[in-house]
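Chemist: Compact mmCIF, N, CA and C atoms, saved as target-v1.txt, coming up:
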# COMPACT_ATOMS: atom_id res chain seq x y z
N MET A 1 79.60 19.02 -4.48
CA MET A 1 80.59 18.19 -3.82
C MET A 1 80.09 16.75 -3.76
N PRO A 2 80.84 15.77 -4.26
CA PRO A 2 80.40 14.36 -4.26
C PRO A 2 80.35 13.80 -2.85
N ILE A 3 79.44 12.86 -2.67
CA ILE A 3 79.32 12.18 -1.38
C ILE A 3 80.43 11.16 -1.25
N GLN A 4 81.11 11.17 -0.12
CA GLN A 4 82.19 10.22 0.15
C GLN A 4 81.59 8.91 0.67
N GLN A 5 82.03 7.81 0.12
CA GLN A 5 81.61 6.50 0.61
C GLN A 5 82.78 5.88 1.34
N SER A 6 82.46 5.27 2.45
CA SER A 6 83.52 4.63 3.21
C SER A 6 84.00 3.37 2.49
N PRO A 7 85.26 3.01 2.66
CA PRO A 7 85.75 1.76 2.04
C PRO A 7 84.95 0.55 2.51
N ARG A 8 84.47 0.58 3.76
CA ARG A 8 83.69 -0.53 4.30
C ARG A 8 82.41 -0.72 3.49
N PHE A 9 81.73 0.41 3.16
CA PHE A 9 80.51 0.31 2.38
C PHE A 9 80.79 -0.35 1.04
N LYS A 10 81.86 0.09 0.38
CA LYS A 10 82.19 -0.47 -0.93
C LYS A 10 82.47 -1.96 -0.83
N LEU A 11 83.20 -2.37 0.20
CA LEU A 11 83.51 -3.78 0.38
C LEU A 11 82.23 -4.58 0.58
N ASN A 12 81.35 -4.10 1.46
CA ASN A 12 80.10 -4.82 1.71
C ASN A 12 79.22 -4.86 0.47
N TYR A 13 79.14 -3.74 -0.24
CA TYR A 13 78.30 -3.68 -1.42
C TYR A 13 78.80 -4.69 -2.47
N PHE A 14 80.09 -4.66 -2.75
CA PHE A 14 80.61 -5.53 -3.79
C PHE A 14 80.65 -7.00 -3.35
N SER A 15 80.88 -7.26 -2.07
CA SER A 15 80.92 -8.65 -1.62
C SER A 15 79.53 -9.27 -1.64
N GLN A 16 78.50 -8.45 -1.44
CA GLN A 16 77.14 -8.98 -1.46
C GLN A 16 76.60 -9.15 -2.88
N ASN A 17 77.15 -8.40 -3.83
CA ASN A 17 76.62 -8.41 -5.18
C ASN A 17 77.56 -9.01 -6.20
N LYS A 18 78.60 -9.67 -5.74
CA LYS A 18 79.55 -10.25 -6.68
C LYS A 18 78.99 -11.51 -7.31
N ILE A 19 79.50 -11.81 -8.45
CA ILE A 19 79.09 -13.02 -9.16
C ILE A 19 79.87 -14.20 -8.58
N MET A 20 79.16 -15.27 -8.29
CA MET A 20 79.80 -16.46 -7.73
C MET A 20 80.53 -17.22 -8.83
N THR A 21 81.69 -17.71 -8.48
CA THR A 21 82.43 -18.55 -9.43
C THR A 21 81.82 -19.94 -9.43
N ALA A 22 82.19 -20.72 -10.44
CA ALA A 22 81.72 -22.11 -10.51
C ALA A 22 82.20 -22.89 -9.29
N GLU A 23 83.42 -22.59 -8.83
CA GLU A 23 83.96 -23.28 -7.66
C GLU A 23 83.17 -22.93 -6.39
N GLU A 24 82.81 -21.66 -6.24
CA GLU A 24 82.01 -21.25 -5.08
C GLU A 24 80.64 -21.92 -5.11
N LYS A 25 80.03 -21.95 -6.27
CA LYS A 25 78.72 -22.61 -6.41
C LYS A 25 78.82 -24.09 -6.06
N GLN A 26 79.89 -24.74 -6.51
CA GLN A 26 80.07 -26.16 -6.21
C GLN A 26 80.23 -26.39 -4.71
N ASP A 27 81.00 -25.52 -4.05
CA ASP A 27 81.18 -25.63 -2.59
C ASP A 27 79.85 -25.45 -1.86
N ILE A 28 79.06 -24.47 -2.28
CA ILE A 28 77.74 -24.22 -1.68
C ILE A 28 76.84 -25.43 -1.90
N TYR A 29 76.84 -25.93 -3.12
CA TYR A 29 76.02 -27.08 -3.48
C TYR A 29 76.38 -28.31 -2.64
N ASP A 30 77.67 -28.60 -2.56
CA ASP A 30 78.12 -29.77 -1.79
C ASP A 30 77.75 -29.64 -0.32
N GLU A 31 77.97 -28.48 0.26
CA GLU A 31 77.64 -28.27 1.67
C GLU A 31 76.14 -28.37 1.90
N PHE A 32 75.35 -27.80 0.99
CA PHE A 32 73.89 -27.84 1.09
C PHE A 32 73.39 -29.29 1.10
N TYR A 33 73.89 -30.08 0.15
CA TYR A 33 73.42 -31.47 0.07
C TYR A 33 73.99 -32.34 1.19
N ASP A 34 75.03 -31.89 1.84
CA ASP A 34 75.56 -32.57 3.02
C ASP A 34 74.71 -32.24 4.25
N LYS A 35 74.34 -30.99 4.40
CA LYS A 35 73.62 -30.54 5.60
C LYS A 35 72.11 -30.77 5.52
N VAL A 36 71.54 -30.55 4.37
CA VAL A 36 70.08 -30.72 4.21
C VAL A 36 69.84 -32.21 3.98
N ASN A 37 69.53 -32.90 5.08
CA ASN A 37 69.44 -34.36 5.03
C ASN A 37 68.01 -34.89 4.97
N MET A 38 67.06 -34.01 4.75
CA MET A 38 65.67 -34.44 4.59
C MET A 38 65.32 -34.41 3.11
N THR A 39 64.55 -35.39 2.67
CA THR A 39 64.10 -35.42 1.27
C THR A 39 63.00 -34.36 1.11
N PRO A 40 62.73 -33.97 -0.13
CA PRO A 40 61.63 -33.02 -0.33
C PRO A 40 60.30 -33.51 0.25
N SER A 41 60.00 -34.79 0.10
CA SER A 41 58.72 -35.30 0.63
C SER A 41 58.72 -35.33 2.16
N GLU A 42 59.87 -35.68 2.78
CA GLU A 42 59.96 -35.63 4.24
C GLU A 42 59.76 -34.20 4.75
N LEU A 43 60.40 -33.26 4.08
CA LEU A 43 60.30 -31.87 4.49
C LEU A 43 58.88 -31.33 4.26
N GLU A 44 58.29 -31.70 3.15
CA GLU A 44 56.92 -31.29 2.85
C GLU A 44 55.96 -31.78 3.94
N ASP A 45 56.08 -33.06 4.30
CA ASP A 45 55.23 -33.63 5.36
C ASP A 45 55.47 -32.93 6.69
N TRP A 46 56.75 -32.67 7.01
CA TRP A 46 57.10 -32.00 8.27
C TRP A 46 56.49 -30.61 8.34
N LEU A 47 56.57 -29.85 7.24
CA LEU A 47 56.07 -28.46 7.25
C LEU A 47 54.57 -28.37 7.46
N GLU A 48 53.86 -29.48 7.25
CA GLU A 48 52.41 -29.50 7.47
C GLU A 48 52.04 -29.71 8.94
N THR A 49 53.01 -30.06 9.78
CA THR A 49 52.70 -30.38 11.17
C THR A 49 52.58 -29.12 12.04
N ASP A 50 51.84 -29.27 13.13
CA ASP A 50 51.73 -28.18 14.10
C ASP A 50 53.08 -27.90 14.76
N LYS A 51 53.87 -28.94 14.97
CA LYS A 51 55.19 -28.76 15.58
C LYS A 51 56.06 -27.85 14.70
N SER A 52 56.01 -28.04 13.41
CA SER A 52 56.79 -27.21 12.49
C SER A 52 56.36 -25.75 12.57
N LYS A 53 55.06 -25.56 12.66
CA LYS A 53 54.51 -24.21 12.67
C LYS A 53 54.65 -23.52 14.03
N SER A 54 55.04 -24.28 15.04
CA SER A 54 55.11 -23.73 16.41
C SER A 54 56.44 -23.05 16.73
N VAL A 55 57.43 -23.13 15.84
CA VAL A 55 58.76 -22.59 16.14
C VAL A 55 59.19 -21.57 15.09
N GLY A 56 60.16 -20.76 15.48
CA GLY A 56 60.80 -19.84 14.54
C GLY A 56 60.37 -18.41 14.70
N GLN A 57 61.17 -17.55 14.10
CA GLN A 57 60.93 -16.12 14.15
C GLN A 57 59.93 -15.75 13.05
N ASP A 58 58.88 -15.03 13.45
CA ASP A 58 57.85 -14.60 12.51
C ASP A 58 58.47 -13.70 11.44
N SER A 59 58.12 -13.94 10.20
CA SER A 59 58.67 -13.14 9.10
C SER A 59 57.84 -11.89 8.85
N GLY A 60 56.79 -11.68 9.65
CA GLY A 60 55.97 -10.49 9.50
C GLY A 60 54.58 -10.78 8.98
N ASP A 61 54.35 -11.99 8.52
CA ASP A 61 53.03 -12.34 7.98
C ASP A 61 52.42 -13.55 8.68
N GLY A 62 52.98 -13.90 9.84
CA GLY A 62 52.45 -15.03 10.60
C GLY A 62 53.15 -16.35 10.31
N GLU A 63 53.98 -16.39 9.29
CA GLU A 63 54.74 -17.61 8.97
C GLU A 63 56.20 -17.37 9.34
N SER A 64 56.82 -18.35 9.98
CA SER A 64 58.21 -18.17 10.40
C SER A 64 59.16 -18.17 9.21
N LYS A 65 60.32 -17.55 9.43
CA LYS A 65 61.36 -17.51 8.39
C LYS A 65 61.80 -18.92 8.01
N GLY A 66 61.93 -19.79 9.02
CA GLY A 66 62.35 -21.16 8.76
C GLY A 66 61.33 -21.93 7.95
N HIS A 67 60.06 -21.71 8.24
CA HIS A 67 58.98 -22.39 7.52
C HIS A 67 59.01 -21.98 6.04
N LYS A 68 59.20 -20.68 5.79
CA LYS A 68 59.30 -20.20 4.41
C LYS A 68 60.54 -20.77 3.73
N SER A 69 61.63 -20.84 4.48
CA SER A 69 62.87 -21.39 3.94
C SER A 69 62.66 -22.85 3.53
N GLY A 70 61.95 -23.60 4.37
CA GLY A 70 61.69 -25.00 4.05
C GLY A 70 60.98 -25.16 2.72
N LYS A 71 60.04 -24.27 2.42
CA LYS A 71 59.33 -24.33 1.14
C LYS A 71 60.29 -24.07 -0.03
N LYS A 72 61.21 -23.13 0.18
CA LYS A 72 62.21 -22.85 -0.87
C LYS A 72 63.15 -24.04 -1.05
N ILE A 73 63.51 -24.67 0.06
CA ILE A 73 64.41 -25.84 0.01
C ILE A 73 63.78 -26.96 -0.80
N ILE A 74 62.50 -27.19 -0.62
CA ILE A 74 61.79 -28.23 -1.38
C ILE A 74 61.92 -27.95 -2.87
N LYS A 75 61.68 -26.71 -3.27
CA LYS A 75 61.77 -26.35 -4.69
C LYS A 75 63.20 -26.54 -5.21
N ILE A 76 64.18 -26.12 -4.42
CA ILE A 76 65.58 -26.26 -4.83
C ILE A 76 65.95 -27.73 -5.00
N LYS A 77 65.55 -28.57 -4.05
CA LYS A 77 65.93 -29.98 -4.11
C LYS A 77 65.20 -30.73 -5.23
N ARG A 78 64.14 -30.17 -5.75
CA ARG A 78 63.42 -30.80 -6.85
C ARG A 78 63.95 -30.35 -8.21
N LYS A 79 64.91 -29.44 -8.21
CA LYS A 79 65.50 -28.99 -9.46
C LYS A 79 66.74 -29.81 -9.80
N HIS A 80 67.04 -29.87 -11.08
CA HIS A 80 68.32 -30.43 -11.51
C HIS A 80 69.38 -29.36 -11.27
N LYS A 81 70.59 -29.78 -11.05
CA LYS A 81 71.67 -28.85 -10.73
C LYS A 81 71.80 -27.75 -11.79
N ASP A 82 71.67 -28.08 -13.04
CA ASP A 82 71.83 -27.08 -14.10
C ASP A 82 70.65 -26.10 -14.19
N GLU A 83 69.61 -26.33 -13.41
CA GLU A 83 68.46 -25.42 -13.36
C GLU A 83 68.56 -24.41 -12.21
N LEU A 84 69.54 -24.59 -11.34
CA LEU A 84 69.67 -23.70 -10.18
C LEU A 84 70.10 -22.30 -10.61
N THR A 85 69.46 -21.29 -10.01
CA THR A 85 69.76 -19.90 -10.31
C THR A 85 70.68 -19.32 -9.24
N ASP A 86 71.19 -18.13 -9.49
CA ASP A 86 72.00 -17.44 -8.48
C ASP A 86 71.17 -17.21 -7.22
N THR A 87 69.89 -16.93 -7.37
CA THR A 87 69.01 -16.76 -6.20
C THR A 87 68.94 -18.06 -5.40
N ASN A 88 68.84 -19.19 -6.10
CA ASN A 88 68.84 -20.49 -5.42
C ASN A 88 70.14 -20.69 -4.65
N TYR A 89 71.27 -20.39 -5.29
CA TYR A 89 72.56 -20.54 -4.61
C TYR A 89 72.66 -19.60 -3.41
N GLY A 90 72.11 -18.41 -3.52
CA GLY A 90 72.10 -17.49 -2.39
C GLY A 90 71.32 -18.05 -1.22
N HIS A 91 70.17 -18.68 -1.52
CA HIS A 91 69.39 -19.27 -0.44
C HIS A 91 70.09 -20.50 0.14
N MET A 92 70.70 -21.28 -0.71
CA MET A 92 71.43 -22.46 -0.24
C MET A 92 72.55 -22.04 0.71
N LYS A 93 73.22 -20.96 0.39
CA LYS A 93 74.29 -20.44 1.25
C LYS A 93 73.71 -20.00 2.60
N LYS A 94 72.55 -19.37 2.57
CA LYS A 94 71.88 -18.94 3.80
C LYS A 94 71.49 -20.15 4.65
N VAL A 95 70.99 -21.18 4.01
CA VAL A 95 70.61 -22.43 4.70
C VAL A 95 71.84 -23.06 5.36
N ASN A 96 72.92 -23.14 4.60
CA ASN A 96 74.16 -23.72 5.15
C ASN A 96 74.60 -22.97 6.40
N SER A 97 74.55 -21.67 6.34
CA SER A 97 74.97 -20.83 7.47
C SER A 97 74.05 -21.03 8.67
N TYR A 98 72.74 -21.05 8.42
CA TYR A 98 71.79 -21.23 9.53
C TYR A 98 71.99 -22.58 10.21
N ILE A 99 72.11 -23.64 9.42
CA ILE A 99 72.25 -24.98 9.99
C ILE A 99 73.53 -25.06 10.82
N ALA A 100 74.62 -24.51 10.32
CA ALA A 100 75.89 -24.54 11.06
C ALA A 100 75.76 -23.76 12.37
N ARG A 101 75.19 -22.58 12.31
CA ARG A 101 75.05 -21.73 13.49
C ARG A 101 74.12 -22.35 14.53
N HIS A 102 72.98 -22.84 14.07
CA HIS A 102 71.98 -23.38 15.00
C HIS A 102 72.42 -24.73 15.56
N SER A 103 73.11 -25.53 14.76
CA SER A 103 73.61 -26.83 15.25
C SER A 103 74.59 -26.65 16.39
N ALA A 104 75.35 -25.57 16.35
CA ALA A 104 76.34 -25.29 17.40
C ALA A 104 75.68 -24.91 18.73
N GLN A 105 74.39 -24.63 18.70
CA GLN A 105 73.66 -24.23 19.91
C GLN A 105 72.85 -25.38 20.50
N LYS A 106 73.27 -26.60 20.25
CA LYS A 106 72.54 -27.78 20.73
C LYS A 106 72.37 -27.73 22.24
N PRO A 107 71.12 -27.86 22.70
CA PRO A 107 70.88 -27.85 24.15
C PRO A 107 71.29 -29.18 24.79
N ASP A 108 71.45 -29.16 26.09
CA ASP A 108 71.74 -30.38 26.83
C ASP A 108 70.48 -31.24 26.89
N GLY A 109 70.68 -32.52 27.07
CA GLY A 109 69.55 -33.43 27.26
C GLY A 109 68.98 -33.96 25.96
N ASP A 110 67.79 -34.54 26.10
CA ASP A 110 67.11 -35.16 24.97
C ASP A 110 66.54 -34.07 24.05
N VAL A 111 66.89 -34.12 22.78
CA VAL A 111 66.45 -33.08 21.85
C VAL A 111 65.34 -33.56 20.91
N LYS A 112 64.89 -34.81 21.10
CA LYS A 112 63.92 -35.40 20.17
C LYS A 112 62.68 -34.52 19.98
N GLU A 113 62.15 -34.01 21.06
CA GLU A 113 60.94 -33.18 21.00
C GLU A 113 61.24 -31.73 21.36
N SER A 114 62.37 -31.22 20.90
CA SER A 114 62.79 -29.86 21.28
C SER A 114 62.52 -28.85 20.16
N ASP A 115 62.31 -27.61 20.56
CA ASP A 115 62.18 -26.52 19.59
C ASP A 115 63.44 -26.41 18.74
N TRP A 116 64.59 -26.70 19.33
CA TRP A 116 65.87 -26.66 18.62
C TRP A 116 65.82 -27.60 17.40
N ARG A 117 65.38 -28.82 17.63
CA ARG A 117 65.30 -29.80 16.53
C ARG A 117 64.23 -29.39 15.53
N TYR A 118 63.09 -28.94 16.03
CA TYR A 118 62.00 -28.55 15.13
C TYR A 118 62.44 -27.41 14.21
N SER A 119 63.17 -26.46 14.76
CA SER A 119 63.66 -25.34 13.96
C SER A 119 64.62 -25.82 12.87
N LEU A 120 65.55 -26.69 13.24
CA LEU A 120 66.47 -27.23 12.24
C LEU A 120 65.73 -28.02 11.16
N LYS A 121 64.72 -28.75 11.54
CA LYS A 121 63.95 -29.51 10.56
C LYS A 121 63.24 -28.58 9.58
N ASN A 122 62.80 -27.41 10.04
CA ASN A 122 62.19 -26.45 9.13
C ASN A 122 63.18 -26.02 8.05
N TRP A 123 64.46 -26.06 8.38
CA TRP A 123 65.52 -25.69 7.44
C TRP A 123 66.10 -26.92 6.73
N GLY A 124 65.40 -28.07 6.83
CA GLY A 124 65.76 -29.25 6.07
C GLY A 124 66.78 -30.17 6.70
N HIS A 125 67.14 -29.89 7.97
CA HIS A 125 68.15 -30.71 8.64
C HIS A 125 67.56 -31.38 9.89
N ASP A 126 67.54 -32.69 9.89
CA ASP A 126 67.11 -33.42 11.07
C ASP A 126 68.36 -33.90 11.79
N PRO A 127 68.68 -33.32 12.95
CA PRO A 127 69.92 -33.67 13.64
C PRO A 127 69.93 -35.10 14.19
N LEU A 128 68.80 -35.76 14.20
CA LEU A 128 68.76 -37.15 14.69
C LEU A 128 68.87 -38.18 13.57
N LYS A 129 69.03 -37.72 12.35
CA LYS A 129 69.19 -38.65 11.20
C LYS A 129 70.62 -39.12 11.14
Output the file's structure in the form of structure tokens.

Modeler:
Amino acid sequence: MPIQQSPRFKLNYFSQNKIMTAEEKQDIYDEFYDKVNMTPSELEDWLETDKSKSVGQDSGDGESKGHKSGKKIIKIKRKHKDELTDTNYGHMKKVNSYIARHSAQKPDGDVKESDWRYSLKNWGHDPLK
């Protein structure tokens, strides 16, 4: 007797593994370059600081997810558009989502020296720029 799969599983499976159209890639690219407002060298310098390393959810090896993401962002921003892979676009989409979600959680008061800002900077976005 074959195993029945729920329609929800099929939808999730295919939506996660579908091939992106050129239009979808362009939208992701445009949003990424709009939201990621730090240059590769600015981000590289930031990731070396203790403040950068002091925030974020541990990825299991002592380095935060955001810190690892920042390293990927540097590599992506140093590529020419025609060199970007589907994996790069997938990460860019994740970055766009994180920045939008985290930006919406802005705390009250001065954020210049806040964990909120430090976390966003790890993902390539300085909200004070």

Chemist: Expressed in Å to a single decimal, how great is the separation between atom N of Thr49 in chain A and CA of Tyr118 in chain A?

Modeler: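 Here the two named atoms are 10.6 Å from each other.
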
Chemist: Please measure the separation of CA of Ser52 in chain A and CA of Asn88 in chain A, giving the value in Å to one decimal.

Modeler: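 One can read the CA of Ser52 in chain A to CA of Asn88 in chain A distance as 22.6 Å.
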
Chemist: Using all atoms listed in the file, which of the listed residues (A:Tyr98, A:His125, A:Pro40, A:Ile28) sits closest to Lys75 in chain A?

Modeler: A:Pro40

Chemist: Name the residues of chain A that come out as helix (DSSP H, G or I) in a backbone DSSP run; write them as a PyMOL selection string.

Modeler: chain A and resi 7-17+22-35+40-47+50-53+65-77+81-83+86-103+115-122

Chemist: From the options A:Leu128, A:Val111, A:Met92, A:Leu120, which residue's atoms come nearest to Gly66 in chain A, counting only C-alpha atoms?

Modeler: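 Ranking A:Leu128, A:Val111, A:Met92, A:Leu120 by distance to Gly66 in chain A, first place goes to A:Leu120.
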
Chemist: Just the number, please: distance in Å from CA of Asp82 in chain A to atom N of Lys94 in chain A, one decimal.

Modeler: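 Rounded to one decimal, the two atoms are 18.4 Å apart.
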
Chemist: Excluding Lys51 in chain A and residues on its chain fewer than 4 positions from it, collect all residues at most 8 Å away from it, counting only N, CA and C atoms, and give them as a PyMOL selection string.

Modeler: chain A and resi 46-47+55+115+118-119

Chemist: Write out as a list in words each polymer residue whose atoms come within 8 Å of Thr39 in chain A, counting all atoms listed in the file; drop sequence neighbours fewer than 6 positions from it.

Modeler: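 The filter keeps Asp45, Ile73, Ile74, Lys77 and Gly124 of chain A.
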
Chemist: Return the single residue from A:Asp58, A:Asn37, A:Leu84, A:Asp27 that is closest to Pro127 in chain A, with distances computed using all atoms listed in the file.

Modeler: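 Distance minimum relative to Pro127 in chain A lands on A:Asn37.
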
Chemist: For Glu31 in chain A, find every residue with an atom within 8 Å (counting all atoms listed in the file), except residues of its own chain fewer than 6 positions away, and show them as a list of chain:residue names.

Modeler: A:Lys25, A:Met92, A:Val95, A:Asn96

Chemist: Rank nothing, just name the residue among A:His80, A:His67, A:Lys93, A:Lys72 nearest to Lys121 in chain A, using all atoms listed in the file.

Modeler: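 Nearest to Lys121 in chain A: A:His67.
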
Chemist: Could you give me, as JSON, numbers by chain, the residues within 6 Å of Gly70 in chain A, counting only N, CA and C atoms and dropping anything in the same chain fewer than 5 positions from it?

Modeler: {"A": [65, 122, 123, 124]}

Chemist: Could you pull range 35-45 of chain A out of the block above and give me all heavy atoms, as a compact mmCIF listing (two decimals), in the first residue's frame?

Modeler:
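Just written: result.txt:
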# COMPACT_ATOMS: atom_id res chain seq x y z
N LYS A 35 18.40 46.76 0.83
CA LYS A 35 18.45 46.55 2.29
C LYS A 35 19.87 46.40 2.83
O LYS A 35 20.16 46.88 3.92
CB LYS A 35 17.63 45.31 2.66
CG LYS A 35 16.16 45.53 2.52
CD LYS A 35 15.36 44.35 2.99
CE LYS A 35 13.93 44.69 2.73
NZ LYS A 35 12.92 44.21 3.44
N VAL A 36 20.72 45.73 2.11
CA VAL A 36 22.10 45.52 2.57
C VAL A 36 22.88 46.78 2.20
O VAL A 36 23.36 46.92 1.09
CB VAL A 36 22.72 44.24 1.96
CG1 VAL A 36 24.17 44.09 2.40
CG2 VAL A 36 21.91 43.01 2.36
N ASN A 37 22.98 47.69 3.17
CA ASN A 37 23.54 49.01 2.90
C ASN A 37 24.99 49.17 3.37
O ASN A 37 25.51 50.28 3.36
CB ASN A 37 22.65 50.11 3.50
CG ASN A 37 22.55 50.04 5.01
OD1 ASN A 37 23.13 49.16 5.66
ND2 ASN A 37 21.79 50.95 5.58
N MET A 38 25.61 48.08 3.76
CA MET A 38 27.02 48.12 4.14
C MET A 38 27.86 47.57 2.99
O MET A 38 27.46 46.60 2.33
CB MET A 38 27.26 47.31 5.41
CG MET A 38 26.55 47.88 6.64
SD MET A 38 26.67 46.83 8.10
CE MET A 38 28.40 47.06 8.54
N THR A 39 29.01 48.18 2.75
CA THR A 39 29.92 47.68 1.72
C THR A 39 30.59 46.42 2.24
O THR A 39 30.64 46.18 3.46
CB THR A 39 30.99 48.73 1.38
OG1 THR A 39 31.83 48.91 2.52
CG2 THR A 39 30.37 50.05 0.92
N PRO A 40 31.16 45.62 1.34
CA PRO A 40 31.88 44.44 1.82
C PRO A 40 32.99 44.78 2.82
O PRO A 40 33.15 44.09 3.83
CB PRO A 40 32.46 43.84 0.53
CG PRO A 40 31.49 44.24 -0.53
CD PRO A 40 31.05 45.64 -0.12
N SER A 41 33.72 45.85 2.58
CA SER A 41 34.81 46.21 3.51
C SER A 41 34.26 46.70 4.85
O SER A 41 34.83 46.39 5.91
CB SER A 41 35.76 47.23 2.89
OG SER A 41 35.07 48.40 2.54
N GLU A 42 33.15 47.46 4.84
CA GLU A 42 32.53 47.88 6.10
C GLU A 42 32.05 46.66 6.89
O GLU A 42 32.25 46.60 8.11
CB GLU A 42 31.32 48.78 5.84
CG GLU A 42 31.64 50.18 5.39
CD GLU A 42 30.39 50.96 4.99
OE1 GLU A 42 29.43 50.38 4.46
OE2 GLU A 42 30.41 52.18 5.25
N LEU A 43 31.43 45.73 6.20
CA LEU A 43 30.92 44.54 6.86
C LEU A 43 32.06 43.66 7.38
O LEU A 43 32.01 43.15 8.50
CB LEU A 43 30.02 43.75 5.90
CG LEU A 43 29.29 42.53 6.46
CD1 LEU A 43 28.53 42.84 7.74
CD2 LEU A 43 28.34 41.97 5.41
N GLU A 44 33.10 43.54 6.59
CA GLU A 44 34.28 42.77 7.00
C GLU A 44 34.88 43.35 8.28
O GLU A 44 35.18 42.62 9.23
CB GLU A 44 35.30 42.81 5.87
CG GLU A 44 36.18 41.61 5.76
CD GLU A 44 36.88 41.59 4.40
OE1 GLU A 44 37.25 42.65 3.87
OE2 GLU A 44 37.02 40.47 3.89
N ASP A 45 35.06 44.67 8.32
CA ASP A 45 35.60 45.33 9.51
C ASP A 45 34.68 45.14 10.70
O ASP A 45 35.13 44.86 11.82
CB ASP A 45 35.80 46.83 9.26
CG ASP A 45 36.93 47.13 8.30
OD1 ASP A 45 37.75 46.22 8.01
OD2 ASP A 45 36.99 48.28 7.81
